[in-house]
>>> print(open('data-v8.cif').read())   # mmCIF, C-alpha atoms and all ligand atoms
data_protein
#
loop_
_atom_site.label_atom_id
_atom_site.label_comp_id
_atom_site.auth_asym_id
_atom_site.auth_seq_id
_atom_site.Cartn_x
_atom_site.Cartn_y
_atom_site.Cartn_z
CA MET A 1 -7.63 -16.08 7.23
CA THR A 2 -7.44 -12.37 6.54
CA LYS A 3 -10.46 -10.23 5.68
CA PHE A 4 -9.35 -9.82 2.06
CA LYS A 5 -7.92 -12.38 -0.34
CA ARG A 6 -6.88 -9.92 -3.06
CA ILE A 7 -6.48 -6.16 -2.78
CA LEU A 8 -5.69 -3.22 -5.00
CA LEU A 9 -3.58 -0.72 -3.05
CA LYS A 10 -3.57 2.86 -4.37
CA LEU A 11 -0.68 5.02 -3.21
CA SER A 12 -0.44 8.68 -4.10
CA GLY A 13 2.69 9.97 -5.74
CA GLU A 14 2.43 13.08 -3.61
CA SER A 15 2.80 11.07 -0.38
CA LEU A 16 6.02 9.61 -1.74
CA MET A 17 7.61 13.07 -1.43
CA GLY A 18 7.54 12.77 2.38
CA ASN A 19 8.65 16.18 3.67
CA GLN A 20 10.33 17.12 0.40
CA ASN A 21 8.84 19.41 -2.25
CA TYR A 22 9.54 17.10 -5.15
CA GLY A 23 10.59 13.55 -5.99
CA ILE A 24 10.99 10.48 -3.85
CA ASP A 25 11.75 10.48 -0.14
CA SER A 26 13.75 7.31 0.51
CA GLN A 27 12.47 6.91 4.08
CA ARG A 28 8.83 7.10 2.94
CA LEU A 29 9.56 4.64 0.15
CA GLN A 30 11.17 2.26 2.65
CA ASP A 31 8.19 2.61 5.04
CA TYR A 32 5.75 1.78 2.25
CA ALA A 33 7.78 -1.25 1.16
CA THR A 34 8.02 -2.55 4.75
CA GLN A 35 4.27 -2.18 5.31
CA ILE A 36 3.53 -3.94 2.02
CA LYS A 37 5.94 -6.77 2.87
CA ASP A 38 4.13 -7.29 6.20
CA ILE A 39 0.76 -7.87 4.57
CA HIS A 40 2.26 -9.93 1.76
CA GLN A 41 3.57 -12.32 4.41
CA MET A 42 -0.01 -12.71 5.64
CA GLY A 43 -0.87 -14.29 2.29
CA VAL A 44 -2.79 -11.38 0.74
CA GLN A 45 -2.58 -11.10 -3.06
CA ILE A 46 -1.52 -7.54 -3.82
CA GLY A 47 -1.85 -5.27 -6.83
CA ILE A 48 -0.53 -1.71 -6.49
CA VAL A 49 -1.13 1.50 -8.41
CA ILE A 50 1.05 4.46 -7.54
CA GLY A 51 0.44 8.01 -8.73
CA GLY A 52 2.93 10.43 -10.23
CA GLY A 53 1.99 13.76 -8.62
CA ASN A 54 5.38 14.02 -6.86
CA ILE A 55 6.99 14.38 -10.29
CA PHE A 56 4.51 15.63 -12.88
CA ARG A 57 0.79 16.13 -13.43
CA GLY A 58 -0.56 16.77 -16.92
CA LEU A 59 -3.21 19.24 -15.81
CA SER A 60 -0.71 21.46 -13.97
CA GLY A 61 1.61 21.15 -16.98
CA SER A 62 -1.10 22.35 -19.36
CA GLN A 63 -1.67 25.40 -17.14
CA LYS A 64 1.99 26.24 -17.75
CA GLY A 65 1.65 25.86 -21.50
CA PHE A 66 2.37 22.16 -22.09
CA ASP A 67 0.23 20.31 -24.57
CA ARG A 68 -2.28 18.44 -22.37
CA VAL A 69 -1.82 15.05 -24.01
CA LYS A 70 1.97 15.26 -23.88
CA GLY A 71 1.70 16.50 -20.29
CA ASP A 72 -0.44 13.51 -19.35
CA GLN A 73 2.03 11.22 -21.06
CA MET A 74 4.75 12.81 -18.93
CA GLY A 75 2.54 12.14 -15.88
CA MET A 76 2.17 8.51 -16.90
CA CYS A 77 5.96 8.23 -17.25
CA ALA A 78 6.20 9.70 -13.71
CA THR A 79 4.06 6.82 -12.41
CA VAL A 80 6.48 4.39 -14.07
CA ILE A 81 9.41 6.04 -12.27
CA ASN A 82 7.59 5.69 -8.93
CA SER A 83 6.62 2.10 -9.72
CA LEU A 84 10.24 1.21 -10.45
CA ALA A 85 11.31 2.85 -7.18
CA LEU A 86 8.74 0.82 -5.23
CA SER A 87 9.67 -2.34 -7.11
CA SER A 88 13.31 -1.79 -6.23
CA ALA A 89 12.50 -1.14 -2.55
CA LEU A 90 10.36 -4.30 -2.36
CA GLY A 91 13.05 -6.31 -4.14
CA ALA A 92 15.64 -5.11 -1.61
CA LEU A 93 13.41 -6.59 1.13
CA GLY A 94 13.25 -9.90 -0.74
CA VAL A 95 9.66 -9.46 -1.93
CA LYS A 96 8.99 -10.88 -5.40
CA ASN A 97 7.25 -8.32 -7.58
CA LYS A 98 6.63 -7.31 -11.18
CA VAL A 99 6.08 -3.94 -12.80
CA LEU A 100 3.37 -4.14 -15.47
CA THR A 101 2.91 -1.18 -17.80
CA ALA A 102 -0.25 0.06 -19.51
CA ILE A 103 1.94 1.20 -22.43
CA ARG A 104 4.49 -1.10 -24.03
CA MET A 105 7.97 -0.30 -22.73
CA GLU A 106 9.86 -3.57 -22.35
CA PRO A 107 12.29 -4.19 -20.70
CA ILE A 108 11.25 -1.57 -18.13
CA GLY A 109 8.11 -3.54 -17.37
CA GLU A 110 5.92 -6.22 -18.92
CA PHE A 111 2.92 -5.12 -20.94
CA TYR A 112 -0.18 -5.42 -18.71
CA SER A 113 -2.88 -8.00 -19.14
CA LYS A 114 -5.45 -9.10 -16.57
CA TRP A 115 -4.50 -12.76 -16.86
CA LYS A 116 -0.77 -12.13 -16.60
CA ALA A 117 -1.44 -10.11 -13.45
CA ILE A 118 -3.68 -12.71 -11.82
CA GLU A 119 -1.27 -15.53 -12.64
CA ALA A 120 1.62 -13.57 -11.13
CA MET A 121 -0.33 -12.67 -7.97
CA GLU A 122 -1.41 -16.28 -7.52
CA ALA A 123 2.27 -17.27 -7.82
CA GLY A 124 3.10 -14.91 -4.95
CA TYR A 125 4.29 -11.85 -6.90
CA ILE A 126 3.13 -8.38 -6.06
CA CYS A 127 2.03 -6.62 -9.26
CA ILE A 128 2.70 -2.92 -9.64
CA PHE A 129 0.45 -1.50 -12.35
CA SER A 130 2.13 1.52 -13.88
CA ALA A 131 1.36 4.20 -16.50
CA GLY A 132 -2.23 4.52 -15.22
CA THR A 133 -4.80 3.56 -17.83
CA GLY A 134 -2.35 4.31 -20.66
CA SER A 135 -4.60 7.15 -21.88
CA PRO A 136 -4.53 10.90 -21.26
CA TYR A 137 -7.29 12.78 -19.41
CA PHE A 138 -7.44 10.05 -16.75
CA THR A 139 -5.89 9.87 -13.31
CA THR A 140 -4.22 7.08 -11.40
CA ASP A 141 -7.35 6.93 -9.22
CA THR A 142 -9.22 5.91 -12.35
CA GLY A 143 -6.32 3.60 -13.24
CA SER A 144 -6.60 1.91 -9.86
CA SER A 145 -10.40 1.60 -10.10
CA LEU A 146 -9.95 -0.03 -13.50
CA ARG A 147 -7.21 -2.41 -12.39
CA GLY A 148 -9.03 -3.20 -9.13
CA ILE A 149 -12.15 -4.20 -11.06
CA GLU A 150 -10.19 -6.11 -13.70
CA ILE A 151 -8.16 -8.20 -11.24
CA GLU A 152 -11.35 -8.88 -9.24
CA ALA A 153 -9.95 -7.36 -6.07
CA ASP A 154 -12.09 -7.60 -2.94
CA VAL A 155 -11.40 -3.96 -2.12
CA MET A 156 -9.44 -0.92 -3.21
CA LEU A 157 -7.35 0.34 -0.30
CA LYS A 158 -6.73 4.02 -0.84
CA GLY A 159 -3.74 5.04 1.20
CA THR A 160 -3.79 8.79 1.84
CA ARG A 161 -2.44 11.25 4.39
CA VAL A 162 -5.81 11.58 6.16
CA ASP A 163 -7.39 8.81 8.19
CA GLY A 164 -10.68 8.60 6.32
CA ILE A 165 -13.57 10.57 4.85
CA TYR A 166 -14.94 13.52 6.82
CA THR A 167 -18.08 15.67 6.58
CA ALA A 168 -15.74 18.50 5.50
CA ASP A 169 -11.99 18.92 4.97
CA PRO A 170 -10.54 18.24 8.47
CA GLU A 171 -7.46 20.33 7.61
CA LYS A 172 -9.72 23.40 7.12
CA ASP A 173 -12.78 22.74 9.31
CA PRO A 174 -12.15 21.67 12.95
CA THR A 175 -15.82 20.65 13.40
CA ALA A 176 -15.59 18.03 10.63
CA THR A 177 -16.47 14.50 11.73
CA LYS A 178 -15.31 11.20 10.25
CA PHE A 179 -17.47 8.50 8.69
CA SER A 180 -16.64 4.89 9.57
CA GLU A 181 -18.61 3.93 6.47
CA ILE A 182 -20.55 5.73 3.78
CA THR A 183 -22.42 4.78 0.59
CA TYR A 184 -21.45 5.93 -2.88
CA ASP A 185 -24.82 7.71 -3.17
CA GLU A 186 -24.05 9.73 -0.05
CA ILE A 187 -20.64 10.65 -1.46
CA TYR A 188 -22.45 12.19 -4.45
CA THR A 189 -25.24 13.92 -2.51
CA ARG A 190 -22.82 15.44 -0.02
CA GLY A 191 -20.43 16.42 -2.81
CA LEU A 192 -17.49 14.72 -1.07
CA GLN A 193 -14.35 14.34 -3.14
CA ILE A 194 -12.52 11.18 -2.25
CA MET A 195 -11.38 10.62 -5.82
CA ASP A 196 -12.33 12.12 -9.17
CA LEU A 197 -15.87 11.30 -10.27
CA THR A 198 -14.79 8.97 -13.09
CA ALA A 199 -12.88 6.79 -10.63
CA THR A 200 -15.66 6.86 -8.01
CA THR A 201 -18.35 6.01 -10.55
CA MET A 202 -16.37 3.07 -11.93
CA CYS A 203 -16.10 1.61 -8.43
CA LYS A 204 -19.79 2.21 -7.73
CA GLU A 205 -21.01 0.69 -10.99
CA ASN A 206 -18.80 -2.37 -10.59
CA HIS A 207 -19.40 -2.82 -6.84
CA LEU A 208 -15.78 -2.40 -5.81
CA PRO A 209 -15.67 -1.08 -2.22
CA ILE A 210 -13.02 1.47 -1.30
CA TYR A 211 -11.33 1.73 2.07
CA VAL A 212 -9.72 5.12 2.74
CA PHE A 213 -7.04 5.21 5.44
CA ASN A 214 -3.84 6.97 6.47
CA MET A 215 -0.96 5.06 4.87
CA ASP A 216 1.68 7.46 6.16
CA ILE A 217 1.49 5.98 9.67
CA VAL A 218 3.62 2.84 9.66
CA GLY A 219 1.60 -0.21 10.69
CA ASN A 220 -1.74 1.09 9.44
CA LEU A 221 -1.84 -1.09 6.32
CA LYS A 222 -1.61 -4.23 8.48
CA LYS A 223 -4.34 -2.88 10.76
CA VAL A 224 -6.65 -2.52 7.75
CA ILE A 225 -5.94 -6.09 6.69
CA ASP A 226 -6.52 -7.24 10.28
CA GLY A 227 -9.96 -5.58 10.11
CA GLU A 228 -9.27 -2.76 12.57
CA PRO A 229 -11.70 0.12 11.90
CA ILE A 230 -9.13 2.89 11.37
CA GLY A 231 -10.48 4.43 8.16
CA THR A 232 -13.68 4.82 6.12
CA LEU A 233 -15.37 2.13 4.02
CA VAL A 234 -17.23 3.27 0.90
CA HIS A 235 -19.77 0.84 -0.52
CA ASN A 236 -23.06 0.62 -2.45
N1 LIG A 301 -2.19 10.15 -16.02
C1 LIG A 301 -2.85 9.99 -17.25
N2 LIG A 301 -3.62 8.87 -17.44
C2 LIG A 301 -3.81 7.93 -16.49
C3 LIG A 301 -3.15 8.11 -15.24
C4 LIG A 301 -2.34 9.23 -15.04
O1 LIG A 301 -2.74 10.81 -18.13
O2 LIG A 301 -4.53 6.93 -16.73
C5 LIG A 301 -1.28 11.30 -15.83
C6 LIG A 301 -1.98 12.59 -15.48
O3 LIG A 301 -1.31 13.64 -16.10
C7 LIG A 301 -1.79 12.65 -13.97
C8 LIG A 301 -0.40 12.10 -13.81
O4 LIG A 301 -0.37 11.03 -14.77
O5 LIG A 301 -1.86 13.96 -13.48
C9 LIG A 301 -0.05 11.56 -12.45
O6 LIG A 301 -1.09 10.81 -11.89
P1 LIG A 301 -1.97 11.35 -10.66
O7 LIG A 301 -2.19 12.82 -10.77
O8 LIG A 301 -3.21 10.51 -10.59
O9 LIG A 301 -1.02 11.03 -9.45
P2 LIG A 301 -1.27 11.22 -7.87
O10 LIG A 301 -2.18 12.41 -7.67
O11 LIG A 301 -1.96 9.97 -7.37
O12 LIG A 301 0.10 11.38 -7.30
#
>>> encode(input="data-v8.cif", output="structure tokens", more="lines below")
Ligand code: UDP
Amino acid sequence: MTKFKRILLKLSGESLMGNQNYGIDSQRLQDYATQIKDIHQMGVQIGIVIGGGNIFRGLSGSQKGFDRVKGDQMGMCATVINSLALSSALGALGVKNKVLTAIRMEPIGEFYSKWKAIEAMEAGYICIFSAGTGSPYFTTDTGSSLRGIEIEADVMLKGTRVDGIYTADPEKDPTATKFSEITYDEIYTRGLQIMDLTATTMCKENHLPIYVFNMDIVGNLKKVIDGEPIGTLVHN
């Protein structure tokens, strides 16, 4: 028996760039798919949300003169592109999966519903939830909080390029120390930014714990599922 029966895995679009400045690095994509296949074989039910920051972000677009809502819609389309890439990589490894979209766009993906997703996960499909929440002014962190709560996941696993939450940004402050666990209240009082506040608050109010870990090291996802303390757990 693994620690978690059902998880929501959040992957950032930015990480998908690997060492490139833009787009999808095929090695990184392959590494993600392999890690996901490994935990799928352990019997974990998996929902995935992937960001779009490697292609387009609405907020940066609006700073360059794009209409914010159209920019966010472009960002949501970017998450669909990444979701299709991940779906294709998983399919190539023989892993059954479905792309569900928050905005109708058949035949690219099926229109999302909670029950469709749960039925598919129980039948052994990985569900990739794309287009975020379907609404502008949100992020894919909020999208993954929402989907994680809806599908009744035991935890949201937030795969990042750092190995957890620190007292300060470890890339800027060498004295920063890592938490093995931390409460949501402490996240607020210390002003730590693990996700945007909307996403964090949704998880807090609905008692969805978050586990932050470094997904860019191959093998780490399995370690998290095995219960190895490699990241930071956020809880109430
Ligand atoms: N986005 C949106 N609504 C959502 C989710 C995403 O409008 O519910 C847009 C927004 O413009 C965002 C972009 O999609 O900047 C890409 O998502 P995000 O920035 O969260 O990607 P990540 O940082 O995880 O790569």
>>> residues_near_ligand(input="data-v8.cif", ligand="ligand LIG 301 (chain A)", cutoff="7 Å", atoms="all atoms listed in the file", output="PyMOL selection string")
chain A and resi 11-14+50-54+56-59+71-76+78-79+131-143
>>> residues_near_point(input="data-v8.cif", point="(-0.9, -5.7, -22.2)", cutoff="12 Å", atoms="all atoms listed in the file", output="list in words")
Val99, Leu100, Thr101, Ala102, Ile103, Arg104, Met105, Glu106, Gly109, Glu110, Phe111, Tyr112, Ser113, Lys114, Trp115, Lys116, Ala117, Phe129, Ser130, Ala131, Thr133 and Gly134 of chain A
>>> closest_residue(input="data-v8.cif", among="A:Ile194, A:Asp38, A:Arg161, A:Gly231", to="Gly18 (chain A)", atoms="all atoms listed in the file")
A:Arg161
>>> closest_residue(input="data-v8.cif", among="A:Lys3, A:Ala120, A:Gln41, A:Ile81", to="Glu228 (chain A)", atoms="only C-alpha atoms")
A:Lys3
>>> closest_residue(input="data-v8.cif", among="A:Thr177, A:Ser60, A:Ser26, A:Thr183", to="Ala85 (chain A)", atoms="all atoms listed in the file")
A:Ser26
>>> closest_residue(input="data-v8.cif", among="A:Lys204, A:Lys222, A:Lys37, A:His235", to="Ile182 (chain A)", atoms="all atoms listed in the file")
A:His235
>>> closest_residue(input="data-v8.cif", among="A:Ser83, A:Asn97, A:Ser88, A:Asn214", to="Gln30 (chain A)", atoms="only C-alpha atoms")
A:Ser88
>>> atom_distance(input="data-v8.cif", atom1="CA of Gly47 (chain A)", atom2="CA of Thr34 (chain A)")
15.5 Å
